[in-house]
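One file, entry.cif, is given below (mmCIF, C-alpha atoms).
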data_start
loop_
_atom_site.label_atom_id
_atom_site.label_comp_id
_atom_site.auth_asym_id
_atom_site.auth_seq_id
_atom_site.Cartn_x
_atom_site.Cartn_y
_atom_site.Cartn_z
CA MET A 519 -7.46 4.22 -23.07
CA ALA A 520 -4.53 3.49 -25.32
CA GLY A 521 -5.50 5.94 -28.05
CA GLN A 522 -6.07 8.71 -25.53
CA SER A 523 -2.71 8.01 -23.85
CA LYS A 524 -0.92 8.33 -27.15
CA ARG A 525 -2.62 11.65 -27.86
CA ARG A 526 -1.65 12.95 -24.42
CA MET A 527 1.90 11.80 -24.85
CA SER A 528 2.26 13.78 -28.05
CA VAL A 529 1.16 16.99 -26.32
CA GLU A 530 2.63 16.55 -22.86
CA GLN A 531 5.87 14.67 -23.41
CA PRO A 532 8.06 17.78 -23.89
CA LEU A 533 6.58 19.27 -20.71
CA TRP A 534 7.25 16.13 -18.70
CA GLN A 535 10.82 15.97 -19.95
CA ALA A 536 11.37 19.61 -19.01
CA LEU A 537 9.86 19.00 -15.57
CA THR A 538 12.18 16.02 -14.99
CA TYR A 539 15.30 18.14 -15.36
CA PHE A 540 13.70 21.16 -13.71
CA ARG A 541 13.40 19.19 -10.45
CA VAL A 542 17.09 18.23 -10.52
CA LEU A 543 18.27 21.75 -11.31
CA THR A 544 16.07 23.35 -8.66
CA LEU A 545 17.30 20.81 -6.10
CA ALA A 546 20.87 21.83 -6.82
CA TYR A 547 19.85 25.48 -6.51
CA ALA A 548 18.14 24.91 -3.15
CA VAL A 549 21.18 23.08 -1.77
CA ALA A 550 23.50 25.80 -3.09
CA GLN A 551 21.35 28.39 -1.33
CA PHE A 552 21.58 26.56 2.00
CA VAL A 553 25.31 25.79 1.98
CA PRO A 554 26.67 29.33 2.59
CA ARG A 555 24.16 30.06 5.35
CA HIS A 556 24.07 26.74 7.23
CA ASP A 557 26.32 28.16 9.98
CA ASP A 558 23.86 31.02 10.54
CA VAL A 559 20.69 28.96 10.92
CA ALA A 560 19.25 27.81 14.25
CA ARG A 561 19.17 24.07 13.49
CA PRO A 562 21.51 23.18 10.61
CA ALA A 563 21.27 19.43 11.30
CA LEU A 564 17.52 19.52 10.74
CA GLY A 565 18.06 21.42 7.53
CA TRP A 566 20.62 18.94 6.23
CA ALA A 567 18.34 16.05 7.18
CA TYR A 568 15.58 17.57 5.09
CA PHE A 569 17.90 18.06 2.13
CA ALA A 570 19.06 14.46 2.40
CA VAL A 571 15.46 13.28 2.17
CA LEU A 572 14.72 15.76 -0.63
CA THR A 573 17.78 14.64 -2.63
CA LEU A 574 16.97 10.96 -2.19
CA TRP A 575 13.34 11.54 -3.17
CA THR A 576 14.29 13.53 -6.27
CA LEU A 577 16.76 10.92 -7.51
CA VAL A 578 14.55 7.92 -6.75
CA THR A 579 11.54 9.49 -8.44
CA PHE A 580 13.50 10.90 -11.37
CA ARG A 581 11.61 8.80 -13.93
CA ARG A 582 8.22 9.20 -12.22
CA VAL A 583 7.78 12.61 -13.81
CA SER A 584 8.87 11.53 -17.28
CA SER A 585 5.33 10.74 -18.48
CA ALA A 586 1.68 11.15 -17.53
CA GLU A 587 1.32 7.41 -16.89
CA ARG A 588 4.15 7.31 -14.35
CA CYS A 589 3.29 10.60 -12.66
CA THR A 590 0.17 9.55 -10.77
CA TYR A 591 -1.93 11.66 -8.43
CA PRO A 592 -0.80 9.72 -5.33
CA PHE A 593 2.82 10.46 -6.29
CA LEU A 594 2.03 14.13 -6.79
CA ALA A 595 0.28 14.22 -3.42
CA ALA A 596 3.39 12.78 -1.74
CA ASP A 597 5.57 15.20 -3.69
CA ILE A 598 3.69 18.30 -2.63
CA THR A 599 3.51 17.00 0.95
CA LEU A 600 7.31 16.94 0.98
CA THR A 601 7.27 20.49 -0.41
CA LEU A 602 4.88 21.82 2.25
CA THR A 603 6.84 20.02 4.98
CA GLY A 604 10.05 21.71 3.84
CA ILE A 605 8.39 25.14 3.80
CA LEU A 606 7.05 24.73 7.34
CA LEU A 607 10.38 23.21 8.56
CA THR A 608 11.98 26.52 7.64
CA ILE A 609 10.42 27.97 10.81
CA PRO A 610 12.46 25.86 13.28
CA VAL A 611 15.55 25.69 11.05
CA GLU A 612 15.95 29.42 10.42
CA THR A 613 16.17 32.09 13.07
CA PRO A 614 13.23 34.52 13.43
CA ALA A 615 15.47 37.39 12.39
CA ARG A 616 16.47 35.71 9.15
CA ILE A 617 12.84 34.84 8.41
CA ASP A 618 11.89 38.49 8.93
CA ASP A 619 14.70 39.49 6.58
CA GLY A 620 13.12 37.33 3.82
CA ALA A 621 15.30 34.21 3.92
CA SER A 622 14.15 31.68 1.33
CA THR A 623 12.39 28.50 2.41
CA LEU A 624 14.27 25.19 2.51
CA PRO A 625 12.85 23.79 -0.79
CA SER A 626 13.09 27.23 -2.40
CA ILE A 627 12.02 27.06 -6.08
CA TRP A 628 11.99 23.24 -5.97
CA ALA A 629 8.44 23.71 -4.72
CA ALA A 630 7.41 24.91 -8.19
CA GLY A 631 8.11 21.43 -9.61
CA SER A 632 5.31 19.88 -7.53
CA VAL A 633 2.86 22.57 -8.59
CA LEU A 634 3.78 22.30 -12.27
CA GLY A 635 3.39 18.53 -12.08
CA PHE A 636 -0.21 19.00 -10.94
CA ALA A 637 -0.81 21.56 -13.70
CA VAL A 638 0.47 19.31 -16.49
CA LYS A 639 -1.29 16.25 -15.12
CA GLY A 640 -4.66 17.67 -14.21
CA GLY A 641 -5.00 21.04 -15.92
CA TRP A 642 -5.34 24.59 -14.65
CA ARG A 643 -7.66 23.77 -11.72
CA TRP A 644 -5.18 21.36 -10.19
CA GLY A 645 -2.39 23.83 -10.86
CA ALA A 646 -4.29 26.65 -9.15
CA ALA A 647 -5.21 24.49 -6.13
CA SER A 648 -1.66 23.22 -5.59
CA SER A 649 -0.14 26.68 -5.99
CA ALA A 650 -2.68 28.02 -3.47
CA ALA A 651 -1.57 25.35 -0.98
CA VAL A 652 2.08 26.31 -1.45
CA GLY A 653 1.21 29.99 -1.15
CA LEU A 654 -0.71 29.43 2.07
CA SER A 655 2.20 27.51 3.61
CA ASN A 656 4.54 30.37 2.64
CA ILE A 657 2.28 32.84 4.43
CA VAL A 658 2.26 30.61 7.53
CA GLN A 659 6.06 30.36 7.38
CA ARG A 660 6.50 34.14 7.16
CA GLY A 661 3.77 34.83 9.70
CA GLU A 662 2.36 37.63 7.55
CA VAL A 663 1.78 38.71 3.95
CA VAL A 664 4.65 40.84 2.68
CA GLN A 665 5.24 42.25 -0.78
CA ASP A 666 8.01 39.93 -1.95
CA ASN A 667 6.22 36.89 -0.54
CA PHE A 668 2.94 37.88 -2.16
CA HIS A 669 4.74 38.50 -5.47
CA ASN A 670 6.20 34.98 -5.49
CA ILE A 671 2.84 33.43 -4.64
CA VAL A 672 1.04 35.26 -7.45
CA LEU A 673 3.78 34.45 -9.94
CA LEU A 674 3.62 30.73 -9.10
CA MET A 675 -0.18 30.70 -9.35
CA VAL A 676 -0.20 32.50 -12.71
CA ALA A 677 2.49 30.22 -14.15
CA SER A 678 0.80 26.99 -13.03
CA THR A 679 -2.65 28.12 -14.14
CA ALA A 680 -1.38 29.22 -17.54
CA ILE A 681 0.51 25.99 -18.15
CA GLY A 682 -2.48 23.91 -17.05
CA TYR A 683 -4.79 25.86 -19.33
CA ILE A 684 -2.41 25.48 -22.30
CA VAL A 685 -2.27 21.73 -21.73
CA GLU A 686 -6.07 21.50 -21.65
CA VAL A 687 -6.41 23.52 -24.86
CA ALA A 688 -3.77 21.37 -26.56
CA ARG A 689 -5.57 18.17 -25.53
CA THR A 690 -8.90 19.49 -26.79
CA SER A 691 -7.35 20.59 -30.09
CA GLU A 692 -5.70 17.24 -30.56
CA ARG A 693 -8.92 15.36 -29.89
CA THR A 694 -10.72 17.61 -32.37
CA LEU A 695 -8.02 17.01 -34.98
CA ALA A 696 -8.17 13.25 -34.45
CA ARG A 697 -11.94 13.31 -34.86
CA ALA A 698 -11.66 15.41 -38.03
CA LEU A 699 -9.13 12.95 -39.48
CA GLN A 700 -11.47 10.06 -38.67
CA ILE A 701 -14.36 11.82 -40.40
CA GLU A 702 -12.19 12.59 -43.43
CA ALA A 703 -11.04 8.97 -43.64
CA ALA A 704 -14.63 7.71 -43.34
CA THR A 705 -15.77 10.16 -46.02
CA ARG A 706 -13.03 9.06 -48.41
CA GLU A 707 -13.91 5.42 -47.77
CA ARG A 708 -17.58 6.12 -48.41
CA GLU A 709 -16.75 7.89 -51.68
CA ARG A 710 -14.52 5.01 -52.78
CA LEU A 711 -17.22 2.48 -51.96
CA ALA A 712 -19.81 4.63 -53.74
CA ARG A 713 -17.65 4.67 -56.87
CA ASP A 714 -17.24 0.89 -56.82
CA ILE A 715 -20.98 0.38 -56.33
CA HIS A 716 -21.79 2.79 -59.15
CA ASP A 717 -19.33 1.08 -61.46
CA SER A 718 -20.96 -2.30 -60.88
CA VAL A 719 -24.26 -2.82 -59.09
CA LEU A 720 -26.05 0.45 -59.92
CA GLN A 721 -25.23 0.25 -63.60
CA VAL A 722 -26.42 -3.35 -63.80
CA LEU A 723 -29.69 -2.45 -62.07
CA ALA A 724 -30.18 0.52 -64.39
CA LEU A 725 -29.51 -1.73 -67.41
CA VAL A 726 -32.04 -4.31 -66.18
CA GLN A 727 -34.62 -1.55 -65.70
CA ARG A 728 -34.16 -0.20 -69.23
CA ARG A 729 -34.09 -3.61 -70.91
CA GLY A 730 -37.12 -4.77 -68.92
CA ALA A 731 -39.13 -1.72 -69.91
CA ALA A 732 -38.16 -2.25 -73.56
CA ILE A 733 -39.01 -6.00 -73.61
CA GLY A 734 -42.30 -5.68 -71.70
CA GLY A 735 -44.32 -8.49 -70.13
CA GLU A 736 -42.80 -10.15 -67.07
CA ALA A 737 -39.50 -8.49 -67.86
CA LYS A 738 -41.19 -5.11 -67.36
CA GLU A 739 -42.06 -6.03 -63.78
CA LEU A 740 -38.51 -7.25 -63.22
CA GLY A 741 -37.25 -3.93 -64.58
CA ARG A 742 -39.56 -2.05 -62.22
CA LEU A 743 -38.22 -3.97 -59.22
CA ALA A 744 -34.64 -3.34 -60.39
CA GLY A 745 -35.43 0.37 -60.61
CA GLU A 746 -36.76 0.42 -57.05
CA GLN A 747 -33.67 -1.35 -55.75
CA GLU A 748 -31.43 1.07 -57.68
CA ALA A 749 -33.16 4.06 -56.07
CA ALA A 750 -32.90 2.50 -52.58
CA LEU A 751 -29.23 1.66 -53.06
CA ARG A 752 -28.44 5.19 -54.28
CA THR A 753 -30.04 6.61 -51.14
CA LEU A 754 -28.04 4.23 -48.97
CA VAL A 755 -24.78 5.06 -50.72
CA MET A 756 -25.33 8.82 -50.42
CA GLY A 757 -26.36 8.82 -46.76
CA ALA A 758 -24.83 5.81 -45.04
CA THR A 759 -22.09 6.19 -42.43
CA LEU A 760 -19.33 3.67 -42.92
CA PRO A 761 -18.01 1.57 -40.03
CA GLY A 762 -14.48 2.09 -38.77
CA GLN A 763 -12.96 -0.93 -40.50
CA ARG A 764 -11.80 -0.62 -44.08
CA THR A 765 -13.66 -2.47 -46.80
CA ALA A 766 -11.68 -4.74 -49.06
CA PRO A 767 -11.67 -3.34 -52.60
CA PRO A 768 -13.83 -5.31 -55.01
CA ALA A 769 -12.27 -7.17 -57.87
CA GLU A 770 -11.68 -5.14 -61.00
CA ARG A 771 -14.19 -5.74 -63.77
CA SER A 772 -13.30 -7.45 -66.99
CA ALA A 773 -13.43 -5.48 -70.21
CA GLY A 774 -16.88 -5.62 -71.72
CA PRO A 775 -19.87 -3.58 -72.77
CA ALA A 776 -19.86 -1.58 -69.54
CA GLY A 777 -16.33 -0.36 -70.21
CA GLY A 778 -14.62 -2.11 -67.29
CA VAL A 779 -10.88 -1.97 -66.68
CA PRO A 780 -9.18 -5.39 -66.85
CA GLU A 781 -6.95 -6.57 -64.04
CA PRO A 782 -3.30 -6.83 -65.12
CA ALA A 783 -1.75 -10.25 -65.09
CA GLY A 784 -0.05 -11.32 -61.88
CA PRO A 785 -0.86 -10.81 -58.20
CA GLU A 786 -2.32 -7.46 -57.22
CA GLY A 787 0.35 -4.97 -56.23
CA GLU A 788 3.11 -6.97 -57.90
CA ALA A 789 3.98 -4.18 -60.38
CA GLU A 790 4.89 -0.77 -59.05
CA GLU A 791 3.90 0.89 -62.35
CA LEU A 792 1.39 0.11 -65.06
CA SER A 793 1.14 1.20 -68.69
CA LEU A 794 -1.81 3.57 -68.99
CA ARG A 795 -1.75 3.04 -72.77
CA LEU A 796 -2.54 -0.66 -72.39
CA LEU A 797 -5.34 0.00 -69.91
CA LEU A 798 -6.97 2.55 -72.20
CA LEU A 799 -6.54 0.37 -75.30
CA SER A 800 -8.49 -2.35 -73.49
CA LEU A 801 -11.44 0.07 -73.36
CA GLY A 802 -11.50 0.44 -77.13
CA GLY A 803 -13.86 -1.46 -79.32
CA PRO A 804 -16.85 -0.89 -81.59
CA GLY A 805 -17.70 2.77 -81.41
CA VAL A 806 -14.70 3.71 -79.23
CA SER A 807 -11.43 4.92 -80.79
CA VAL A 808 -8.32 5.28 -78.64
CA ALA A 809 -5.42 7.48 -79.73
CA GLU A 810 -2.20 7.33 -77.73
CA PRO A 811 1.36 8.70 -78.00
CA GLY A 812 4.13 6.61 -79.45
CA THR A 813 5.99 6.40 -76.15
CA PRO A 814 4.85 4.46 -73.05
CA VAL A 815 2.92 6.34 -70.40
CA ALA A 816 3.69 4.64 -67.10
CA LEU A 817 1.97 5.57 -63.83
CA PRO A 818 1.96 4.09 -60.34
CA ALA A 819 -0.33 1.07 -60.43
CA HIS A 820 -3.07 2.58 -58.27
CA ALA A 821 -3.10 5.87 -60.19
CA ALA A 822 -3.20 4.09 -63.56
CA ARG A 823 -6.13 1.89 -62.54
CA GLU A 824 -8.09 4.77 -61.05
CA LEU A 825 -7.56 6.99 -64.10
CA ALA A 826 -8.55 4.17 -66.44
CA ALA A 827 -11.64 3.52 -64.29
CA ALA A 828 -12.59 7.20 -64.58
CA VAL A 829 -12.28 6.95 -68.38
CA ALA A 830 -14.43 3.80 -68.31
CA ALA A 831 -17.07 5.66 -66.28
CA ALA A 832 -17.04 8.49 -68.85
CA LEU A 833 -17.56 5.96 -71.65
CA ASP A 834 -20.39 4.37 -69.65
CA ASN A 835 -22.06 7.77 -69.53
CA VAL A 836 -21.74 8.06 -73.31
CA ARG A 837 -23.46 4.68 -73.78
CA ALA A 838 -26.15 5.50 -71.22
CA HIS A 839 -27.02 8.99 -72.40
CA VAL A 840 -26.13 8.98 -76.09
CA GLY A 841 -26.82 5.37 -77.01
CA ALA A 842 -25.25 1.93 -77.03
CA GLU A 843 -23.96 2.46 -80.57
CA ALA A 844 -22.67 5.99 -79.91
CA ARG A 845 -19.25 6.96 -81.17
CA ALA A 846 -16.60 8.12 -78.66
CA TRP A 847 -12.96 9.10 -78.95
CA VAL A 848 -10.29 8.74 -76.24
CA LEU A 849 -7.08 10.75 -76.57
CA LEU A 850 -4.11 10.14 -74.26
CA GLU A 851 -1.39 12.80 -73.99
CA GLU A 852 1.65 13.30 -71.79
CA GLU A 853 2.81 16.90 -71.56
CA PRO A 854 6.50 17.87 -71.26
CA ASP A 855 6.20 18.50 -67.49
CA GLY A 856 4.87 14.97 -66.96
CA THR A 857 1.19 15.88 -66.66
CA VAL A 858 -1.03 13.14 -68.12
CA VAL A 859 -4.18 14.29 -69.90
CA VAL A 860 -6.93 11.96 -71.13
CA THR A 861 -9.76 13.43 -73.19
CA VAL A 862 -13.04 11.60 -73.83
CA ARG A 863 -15.22 13.13 -76.57
CA ASP A 864 -18.56 12.15 -78.03
CA GLU A 865 -20.99 13.56 -80.63
CA GLY A 866 -24.09 13.33 -78.51
CA PRO A 867 -26.68 16.00 -77.70
CA GLY A 868 -24.49 17.59 -75.02
CA ILE A 869 -25.23 18.25 -71.36
CA PRO A 870 -27.76 20.96 -70.40
CA ARG A 871 -26.48 23.63 -68.02
CA GLY A 872 -26.85 22.58 -64.39
CA ARG A 873 -27.56 18.93 -65.22
CA LEU A 874 -24.38 17.60 -63.55
CA ALA A 875 -25.16 19.32 -60.25
CA ALA A 876 -28.75 18.09 -60.38
CA ALA A 877 -27.61 14.51 -61.05
CA GLU A 878 -25.29 14.61 -58.03
CA ALA A 879 -28.14 15.87 -55.83
CA GLU A 880 -30.27 12.97 -57.06
CA GLY A 881 -27.62 10.48 -55.97
CA ARG A 882 -26.29 9.70 -59.44
CA LEU A 883 -22.59 9.23 -58.85
CA GLY A 884 -21.19 8.69 -62.33
CA VAL A 885 -19.70 12.18 -62.51
CA ALA A 886 -19.43 13.17 -58.85
CA GLN A 887 -17.63 10.08 -57.62
CA SER A 888 -16.66 7.67 -60.39
CA ILE A 889 -14.97 10.43 -62.40
CA ARG A 890 -14.44 13.66 -60.48
CA GLY A 891 -13.96 11.90 -57.13
CA ARG A 892 -11.28 9.59 -58.49
CA LEU A 893 -9.32 12.46 -60.02
CA ARG A 894 -9.63 14.54 -56.87
CA ASP A 895 -8.24 11.73 -54.74
CA LEU A 896 -5.27 11.46 -57.10
CA GLY A 897 -4.64 15.22 -56.97
CA GLY A 898 -5.94 15.77 -60.50
CA THR A 899 -8.91 17.52 -62.09
CA ALA A 900 -11.85 16.61 -64.29
CA GLU A 901 -13.41 19.26 -66.56
CA TRP A 902 -16.49 19.09 -68.78
CA VAL A 903 -16.95 21.14 -71.95
CA SER A 904 -20.37 20.66 -73.46
CA THR A 905 -22.52 22.61 -75.89
CA PRO A 906 -26.08 21.43 -76.46
CA GLY A 907 -26.26 19.70 -79.84
CA GLN A 908 -22.49 19.56 -80.29
CA GLY A 909 -21.38 16.73 -78.01
CA THR A 910 -19.44 16.60 -74.77
CA GLU A 911 -15.72 16.62 -74.02
CA VAL A 912 -14.34 15.40 -70.68
CA GLU A 913 -10.73 16.30 -69.89
CA LEU A 914 -9.03 14.30 -67.11
CA SER A 915 -5.74 15.84 -66.00
CA LEU A 916 -3.30 14.12 -63.65
CA PRO A 917 -0.22 15.94 -62.28
CA PRO A 918 3.22 14.32 -62.63
CA GLN A 919 4.69 11.85 -60.12
CA THR A 920 1.34 10.83 -58.70
CA ALA A 921 1.88 8.34 -55.90
CA PRO A 922 -0.64 5.63 -55.00
CA LEU A 923 -2.92 6.48 -52.10
CA PRO A 924 -3.05 4.09 -49.11
CA ARG A 925 -5.66 1.40 -49.55
#
Show me this structure written as structure tokens.
Amino acid sequence: MAGQSKRRMSVEQPLWQALTYFRVLTLAYAVAQFVPRHDDVARPALGWAYFAVLTLWTLVTFRRVSSAERCTYPFLAADITLTLTGILLTIPVETPARIDDGASTLPSIWAAGSVLGFAVKGGWRWGAASSAAVGLSNIVQRGEVVQDNFHNIVLLMVASTAIGYIVEVARTSERTLARALQIEAATRERERLARDIHDSVLQVLALVQRRGAAIGGEAKELGRLAGEQEAALRTLVMGATLPGQRTAPPAERSAGPAGGVPEPAGPEGEAEELSLRLLLLSLGGPGVSVAEPGTPVALPAHAARELAAAVAAALDNVRAHVGAEARAWVLLEEEPDGTVVVTVRDEGPGIPRGRLAAAEAEGRLGVAQSIRGRLRDLGGTAEWVSTPGQGTEVELSLPPQTAPLPR
């Protein structure tokens, strides 16, 4: 699969590149080993014929070991066949006395390239099997197991097995990381969607339920149905798993009783920065006073809209829990280091201890997502200071130079 190939490339590509040049360097070493002793061997012509084939094969297949896609198992099988052939050809090429003295095989350490190719391609099992085949052919070539021969065999097997195991661990770790990133992205998308739903549909359903109960008659039944749908939608929002595709962001609400944030004039994304002062002033009205500094407070467009939406959600909570005619004050400040602080204060009954956590557990997202979630995504914080009977103060703090998040 394409995604899996890309993940493998990121882990294996340095190993494949190293193997490409390893084969060339070890070929030169094997030839350099044979040159000074070719007059002492039994059949030098056979030896040079093998090196001609080995050189041609190495050059022609130079790019075959540059990636996992090019380095196929049939190629590796042909490669190790050439290695084993060279090891066994050492028997007729060299004299028995030189073999007994420990003369190196014709491919010498070039043989390790074939084994390492199997290890990187297939993991430690393929590396162990191919190194065992090379080791067995070395034993046949020597006619017995001697200390130096056994040492080389064990070293090759340990190296190939270790590299194969490292590659497998790296692949597993990369797959785990990719899955974790997918889960994080899905969670962020779910939280964003939950905020948008809370800011629009859930609040409308809650309003219909309250108004219906207050009016009575047929409206009371309509309010009851709206309440049932609100509860079902909250459950869906809290527990649903989002699909892989991204959801287009809903249109921003117009300023009104629910405290929506108006969409700035012009196409979306046209301005790189927006004036937070203007967005907050649009939330003012009967019962809501907005105090701002004398200088403009400009933020990246996405950050400004999200912060203003969090303030609107805080004002919605004031209307819902204190009353439609409740007084609220919004204070905008920009500190010397560039930190933007917006404080929303009311004179309501305050929030009982533990109520915010209980509301989040019930699926009420006004605080958890519409306010705290927005600030968290922007790298900021949201703090509540509330004393029963003395009102509530919400402080939204945004660090300087906040960049818009990808949408």
Exercise: stretch 816-819 of chain A partners within 6 Å, all atoms listed in the file, chain neighbours under 2 positions left out, as a PDB file with C-alpha atoms, in the frame of the given file:
ATOM      1  CA  GLU A 790       4.890  -0.770 -59.050  1.00  0.00           C
ATOM      2  CA  GLU A 791       3.900   0.890 -62.350  1.00  0.00           C
ATOM      3  CA  LEU A 792       1.390   0.110 -65.060  1.00  0.00           C
ATOM      4  CA  SER A 793       1.140   1.200 -68.690  1.00  0.00           C
ATOM      5  CA  LEU A 794      -1.810   3.570 -68.990  1.00  0.00           C
ATOM      6  CA  ALA A 821      -3.100   5.870 -60.190  1.00  0.00           C
ATOM      7  CA  ALA A 822      -3.200   4.090 -63.560  1.00  0.00           C
TER       8      ALA A 822
END
Q: Work out how far atom CA of A:Val638 is from atom CA of A:Glu686, in Å to one decimal.
A: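 Those two atoms sit 8.6 Å apart.
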Q) So what do you get for atom CA of A:Leu699 versus atom CA of A:Asp895, distance-wise? A) 15.3 Å
(Q) Evaluate the PyMOL selection byres ((chain A and resi 607) around 10) against this structure - the residues, as a PyMOL selection string, please. (A) chain A and resi 564-565+568+601-606+608-612+623-625+659
(Q) Residue by residue, what does the PyMOL selection byres ((chain A and resi 799-813) around 6) grab here? Present the result as a list in words. (A) Gly777, Leu796, Leu797, Leu798, Pro814, Arg845, Ala846, Trp847, Val848, Leu849 and Leu850 of chain A
Q: Would you kindly translate the PyMOL selection byres ((chain A and resi 543-559) around 12) into the concrete residues it picks from this file, as a count of residues only?
A: 51
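Computed from the coordinates, the atom CA of A:Thr579 to atom CA of A:Ile598 distance equals 13.2 Å.
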Q: Check the smallest atom-to-atom distance from each of A:Val663, A:Val719, A:Val726, A:Leu914 to A:Thr857 using all atoms listed in the file, then report the winner.
A: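 Nearest to A:Thr857: A:Leu914.
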Q: Please provide as a PyMOL selection string all residues within 10 Å of A:Arg582, with the sequence filter that same-chain residues fewer than 6 positions apart are discarded (counting only C-alpha atoms).
A: chain A and resi 534+538+576+588-590+593-594
Q: Check the smallest atom-to-atom distance from each of A:Leu896, A:Val840, A:Leu740, A:Ala595 to A:Leu723 using only C-alpha atoms, then report the winner.
A: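 Nearest to A:Leu723: A:Leu740.
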Enclose all atoms of stretch 839-848 of chain A listed in the file in an axis-aligned box, grow every side by 6 Å, and hand back centre and edge lengths in Å to one decimal, as AutoDock Vina command-line options.
--center_x -18.7 --center_y 5.5 --center_z -76.8 --size_x 28.7 --size_y 19.2 --size_z 20.8
Can you fill out stretch 535-540 of chain A with all heavy atoms and hand it back as a PDB file, keeping the file's coordinate frame?
ATOM      1  N   GLN A 535       9.362  16.017 -19.878  1.00  0.00           N
ATOM      2  CA  GLN A 535      10.820  15.970 -19.950  1.00  0.00           C
ATOM      3  C   GLN A 535      11.442  17.216 -19.323  1.00  0.00           C
ATOM      4  O   GLN A 535      12.432  17.123 -18.586  1.00  0.00           O
ATOM      5  CB  GLN A 535      11.268  15.820 -21.398  1.00  0.00           C
ATOM      6  CG  GLN A 535      10.927  14.474 -22.007  1.00  0.00           C
ATOM      7  CD  GLN A 535      11.296  14.387 -23.473  1.00  0.00           C
ATOM      8  OE1 GLN A 535      11.592  15.403 -24.103  1.00  0.00           O
ATOM      9  NE2 GLN A 535      11.270  13.193 -24.033  1.00  0.00           N
ATOM     10  N   ALA A 536      10.855  18.371 -19.604  1.00  0.00           N
ATOM     11  CA  ALA A 536      11.370  19.610 -19.010  1.00  0.00           C
ATOM     12  C   ALA A 536      11.221  19.575 -17.495  1.00  0.00           C
ATOM     13  O   ALA A 536      12.119  20.006 -16.754  1.00  0.00           O
ATOM     14  CB  ALA A 536      10.635  20.809 -19.604  1.00  0.00           C
ATOM     15  N   LEU A 537      10.091  19.061 -17.012  1.00  0.00           N
ATOM     16  CA  LEU A 537       9.860  19.000 -15.570  1.00  0.00           C
ATOM     17  C   LEU A 537      10.855  18.056 -14.886  1.00  0.00           C
ATOM     18  O   LEU A 537      11.292  18.311 -13.750  1.00  0.00           O
ATOM     19  CB  LEU A 537       8.428  18.541 -15.302  1.00  0.00           C
ATOM     20  CG  LEU A 537       7.987  18.496 -13.837  1.00  0.00           C
ATOM     21  CD1 LEU A 537       8.119  19.858 -13.191  1.00  0.00           C
ATOM     22  CD2 LEU A 537       6.547  17.980 -13.732  1.00  0.00           C
ATOM     23  N   THR A 538      11.216  16.975 -15.562  1.00  0.00           N
ATOM     24  CA  THR A 538      12.180  16.020 -14.990  1.00  0.00           C
ATOM     25  C   THR A 538      13.498  16.717 -14.657  1.00  0.00           C
ATOM     26  O   THR A 538      14.026  16.578 -13.543  1.00  0.00           O
ATOM     27  CB  THR A 538      12.420  14.874 -15.988  1.00  0.00           C
ATOM     28  OG1 THR A 538      11.182  14.206 -16.226  1.00  0.00           O
ATOM     29  CG2 THR A 538      13.422  13.881 -15.426  1.00  0.00           C
ATOM     30  N   TYR A 539      14.021  17.470 -15.587  1.00  0.00           N
ATOM     31  CA  TYR A 539      15.300  18.140 -15.360  1.00  0.00           C
ATOM     32  C   TYR A 539      15.137  19.409 -14.517  1.00  0.00           C
ATOM     33  O   TYR A 539      16.067  19.827 -13.831  1.00  0.00           O
ATOM     34  CB  TYR A 539      15.958  18.465 -16.705  1.00  0.00           C
ATOM     35  CG  TYR A 539      16.355  17.214 -17.451  1.00  0.00           C
ATOM     36  CD1 TYR A 539      15.579  16.743 -18.519  1.00  0.00           C
ATOM     37  CD2 TYR A 539      17.474  16.476 -17.078  1.00  0.00           C
ATOM     38  CE1 TYR A 539      15.924  15.584 -19.185  1.00  0.00           C
ATOM     39  CE2 TYR A 539      17.823  15.311 -17.749  1.00  0.00           C
ATOM     40  CZ  TYR A 539      17.048  14.873 -18.799  1.00  0.00           C
ATOM     41  OH  TYR A 539      17.391  13.716 -19.463  1.00  0.00           O
ATOM     42  N   PHE A 540      13.967  19.998 -14.542  1.00  0.00           N
ATOM     43  CA  PHE A 540      13.700  21.160 -13.710  1.00  0.00           C
ATOM     44  C   PHE A 540      13.836  20.795 -12.231  1.00  0.00           C
ATOM     45  O   PHE A 540      14.399  21.562 -11.431  1.00  0.00           O
ATOM     46  CB  PHE A 540      12.291  21.693 -13.997  1.00  0.00           C
ATOM     47  CG  PHE A 540      11.869  22.838 -13.115  1.00  0.00           C
ATOM     48  CD1 PHE A 540      12.246  24.138 -13.406  1.00  0.00           C
ATOM     49  CD2 PHE A 540      11.076  22.612 -11.997  1.00  0.00           C
ATOM     50  CE1 PHE A 540      11.859  25.191 -12.593  1.00  0.00           C
ATOM     51  CE2 PHE A 540      10.676  23.649 -11.178  1.00  0.00           C
ATOM     52  CZ  PHE A 540      11.077  24.947 -11.477  1.00  0.00           C
TER      53      PHE A 540
END
